[in-house]
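Structure record follows, encoded as structure tokens.
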Amino acid sequence: MKSRWQEQEANKFRNDPLALRVYTSRLLGQEPNLVLQGGGNTSVKLNITNLFGESEEVLYVKGSGWDLATIEKQGFAPVRLDLLKRMARLDDLTDSQMVKNQRAAMTDPSAPNPSVEAVLHAIIPFKFVDHTHADSVVAVSNTKNGEARIKEIYGRHVLIVPYVMPGFILARKVFEMTREIDWQRLKGMVLLHHGIFTFADDARTSYTQMVRLVTKAEEYIRKKRAVVHFAKAKINDDLLGLANIRQTVSRARNSAVIAKWNQGNRQIAFANHPKMAAVATRGPLTPDHVIRTKRVPVIIDQNSKKNIERFAKEYQRYFTRHASAGLKPLDPAPRWAVWPGYGTISFGTTLAEANIINDITEHTIDAILVAEKLGGWQALPEKDIFEIEYWELEQAKLSKSAGAPVFQGKIALVTGAAGGIGKACVETLQAQGAVVAALDIDPAITKIFKQPGALGIICDVTKPRAIEKAVSAAVRRFGGLDILVSNAGIFPPSAAIVETDQNSWQKSLNINLNSHQILMKACIPYLELGVDPAVVVIASKNVPAPGPGASAYSVAKAGLTQLARVAALELASKNIRVNVVHPNQVFDTAIWTQKVLEARAKHYKMSVQEYKTSNLLKTEITSKDVASLVATMAGPVFGKTTGAQIPIDGGNERVI
Ligand SMILES: [Zn+2]
């Protein structure tokens with residue numbers, strides 16, 4: 001591991017130890033082999049002058065919820081050092097008492113909660129303390145002779161602490177172990193199955209020491225020829241299999257999930273490893289990963305449904321084996337799957353959660369394979385993992401996401417998404433928690449939506465092959481499909497039947513009708529494997545109330561409505577709902593160029609403004625209004641409605 005320390009950069013913070021603490025914390029955070037997803041913590045001990053002009057020793061320790069890679073000064077919680085040190089001397093302290101008292105000992109009540117390792121940081125008698133969960137150290141420690149190997153690597157200058165629960169128990173253990181010790185002779189401290197600490201009175205030494213000690217573990221792995229390499233893998237494809245797995249996991253979790261499929265060389269090699277089923281189910285890399293990944297993944301073989309159901313049953317048994325009275329079980333769904341021939345899948349109710357799990361499993365796989373080469377991967381016993389999984393402090397980290405949005409974990413596909421109603425639908429569905437594949441023929445579609453939960457795909461919806469590819473890309477990215485908003489459309493130039501240009505007629509039929517049928521055909525197999533699947537078709541007020549001069553448009557939209565009605569009949573048995581909206585006078589769309597507006601207004605002998613609000617409610621209808629209705633129709637409010645046609649037109653006498 002290379003040191004990222006840059007003298008010039010560090011010099012900027014020479015007279016500001018907290019800024020320097022931020023700097024080296026970020027250096028650690030930038031190294032995914034050291035800390036992952038909020039893991040690890042750092043601190044600095046400072047003398048401050050309090051309100052009364054007295055000097056006070058304060059530990060600035062990483063606050064919970066902050067990530068070392070991006071931490072700022074305000075991410076460090078200032079806690080009175082003497083109080084923390086006194087806590088370490090207590091014989092007994094529950095973790096919630098500890099958290100409460102740590103909070104009470106803060107000099108700034110608006111700072112975040114101090115790390116659960118604050119007491120441990122406090123008793124280490126150096127100004128700077130760095131703690132990571134370095135992959136190489138933990139991988140070596142998670143082997144049959146892990147402790148002996150760690151000793152072999154570090155000799156007597158590193159204190160080796162056997163595994164105990166993090167928090168007060170760990171702080172207390174280290175306190176006991178170091179009562180008689182000369183800290184000056186220590187270069188660091190390895191916590192078996194957990195991670196590594198380094199410390200020094202200056203930031204650079206503490207950081208460099210971390211890099212040095214971790215490098216020693218890496219060199220050991222190299223020397224023992226335990227480095228893993230991954231050959232280029234042959235990639236198999238099974239998108240329906242993926243959607244099927246995701247549906248079963250969603251059911252077990254009682255919530256829709258995003259499924260992040262990883263077909264990297266590492267994942268395929270691991271999934272195809274001859275001993276995979278045995279090694280993948282021994283336990284996590286470090287115990288704190290359990291709250292993200294659960295103790296073990298589900299292994300998929302021939303029948304994924306059975307595999308996942310069996311996993312859920314086994315999880316319930318695991319809970320019963322270890323739970324004390326009054327503890328409530330978490331949902332029994334797996335958080336990741338190993339799929340021989342296909343790689344791994346990470347499941348999250350949000351894309352962010354799926355990505356975090358995917359990150360963790362990448363590192364877990366490496367560590368497992370390294371440990372296998374070092375005599376065998378050995379994780380902590382089930383009971384220790386359970387204690388972390390159901391540790392009140394860990395549970396608190398997860399329960400912050402109360403009040404999930406209605407489409408959390410849902411996967412939608414919207415056509416004609418570059419502007420108007422389609423764009424508004426993408427935005428509304430996303431705002432309500434869905435991830436969305438946004439299709440449009442306009443190449444700008446790949447750049448319109450910035451959030452990672454929106455996938456812009458260039459697609460000519462009149463081409464069956466292009467639709468197939470786009471739908472596959474959406475399923476590949478997110479794991480399935482639940483909501484289809486069939487929206488792409490054009491408004492051909494107004495013309496009486498006798499004057500209608502045949503090309504214009506055909507074009508309208510191709511886009512306003514045929515493309516929707518092709519799209520539906522491509523999506524139905526995935527919708528069948530969706531979670532509360534729904535189709536919303538964007539038709540037009542012209543269906544119930546056609547206007548002269550718009551035959552090409554009205555006929556296509558009438559055909560589209562009929563297609564949706566038949567789809568509602570055919571798909572009800574698969575629990576797929578199909579409903580239709582009939583918007584009218586939505587003028588903030590690409591269809592309504594000034595030219596078209598003027599032509600239609602003239603046709604009705606009105607001014608453009610009169611035409612815009614020529615409805616019973618005398619109101620203007622926006623794309624956003626339509627999108628809100630579409631989202632509602634795709635959601636639980638319309639959970640028992642199919643085959644319905646809902647106008648959104650400000651009220652129209654001919655429709656009513
Ligand atoms: Zn830790």
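For the structure tokens, the naming scheme is as follows: chains receive sequential letters (A, B, ...) according to their order of presentation, residues are indexed from 1 within each chain, and ligands are indexed from 1 in presentation order.
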
*Could I get the residue neighbourhood of ligand 1 at 8 Å, counting only C-alpha atoms and all ligand atoms, as a ChimeraX atom specification?*
/A:39-41,117,131-133,166,194-196,288

*List the neighbours of Ala564 in chain A out to 10 Å using only C-alpha atoms; skip same-chain residues closer than 2 positions along the sequence, and give me the result as JSON, numbers by chain.*
{"A": [516, 517, 520, 535, 536, 537, 538, 539, 558, 559, 560, 561, 562, 566, 567, 568, 569, 570, 577, 578, 579, 580, 642, 643, 644, 645]}

*Quote the spacing between CA of Arg310 in chain A and CA of Ala367 in chain A in Å to one decimal place.*
26.5 Å

Using only C-alpha atoms, which residues sit within 9 Å of Ile497 in chain A once same-chain residues fewer than 2 positions away are excluded, as a PDB file with N, CA, C and O atoms, in the first residue's frame?
```pdb
ATOM      1  N   ALA A 495     -54.794  17.906 -40.475  1.00  0.00           N
ATOM      2  CA  ALA A 495     -55.234  17.806 -41.870  1.00  0.00           C
ATOM      3  C   ALA A 495     -56.547  17.045 -41.921  1.00  0.00           C
ATOM      4  O   ALA A 495     -56.741  16.076 -41.173  1.00  0.00           O
ATOM      5  N   GLU A 499     -57.148  15.409 -47.086  1.00  0.00           N
ATOM      6  CA  GLU A 499     -55.833  16.024 -47.340  1.00  0.00           C
ATOM      7  C   GLU A 499     -54.694  15.302 -46.636  1.00  0.00           C
ATOM      8  O   GLU A 499     -53.536  15.694 -46.759  1.00  0.00           O
ATOM      9  N   THR A 500     -55.007  14.279 -45.856  1.00  0.00           N
ATOM     10  CA  THR A 500     -53.970  13.658 -45.024  1.00  0.00           C
ATOM     11  C   THR A 500     -52.897  12.986 -45.874  1.00  0.00           C
ATOM     12  O   THR A 500     -53.204  12.178 -46.757  1.00  0.00           O
ATOM     13  N   ASP A 501     -51.685  13.334 -45.556  1.00  0.00           N
ATOM     14  CA  ASP A 501     -50.532  12.745 -46.238  1.00  0.00           C
ATOM     15  C   ASP A 501     -50.333  11.320 -45.724  1.00  0.00           C
ATOM     16  O   ASP A 501     -50.350  11.076 -44.516  1.00  0.00           O
ATOM     17  N   PRO A 548     -62.016  17.199 -35.438  1.00  0.00           N
ATOM     18  CA  PRO A 548     -61.755  17.142 -36.884  1.00  0.00           C
ATOM     19  C   PRO A 548     -60.332  17.600 -37.191  1.00  0.00           C
ATOM     20  O   PRO A 548     -59.766  18.400 -36.440  1.00  0.00           O
ATOM     21  N   GLY A 549     -59.743  17.040 -38.212  1.00  0.00           N
ATOM     22  CA  GLY A 549     -58.401  17.463 -38.623  1.00  0.00           C
ATOM     23  C   GLY A 549     -57.296  16.697 -37.941  1.00  0.00           C
ATOM     24  O   GLY A 549     -56.125  16.937 -38.179  1.00  0.00           O
ATOM     25  N   ALA A 550     -57.668  15.744 -37.036  1.00  0.00           N
ATOM     26  CA  ALA A 550     -56.616  15.019 -36.310  1.00  0.00           C
ATOM     27  C   ALA A 550     -56.843  13.512 -36.397  1.00  0.00           C
ATOM     28  O   ALA A 550     -56.663  12.781 -35.437  1.00  0.00           O
ATOM     29  N   SER A 551     -57.228  13.062 -37.571  1.00  0.00           N
ATOM     30  CA  SER A 551     -57.572  11.635 -37.699  1.00  0.00           C
ATOM     31  C   SER A 551     -56.366  10.735 -37.449  1.00  0.00           C
ATOM     32  O   SER A 551     -56.466   9.722 -36.740  1.00  0.00           O
ATOM     33  N   ALA A 552     -55.223  11.097 -37.997  1.00  0.00           N
ATOM     34  CA  ALA A 552     -54.042  10.231 -37.852  1.00  0.00           C
ATOM     35  C   ALA A 552     -53.700  10.042 -36.374  1.00  0.00           C
ATOM     36  O   ALA A 552     -53.341   8.946 -35.939  1.00  0.00           O
TER      37      ALA A 552
END
```

*From range 162-192 of chain A, collect each residue whose DSSP state is strand (DSSP E or B) and return the set as a ChimeraX atom specification.*
/A:188-191
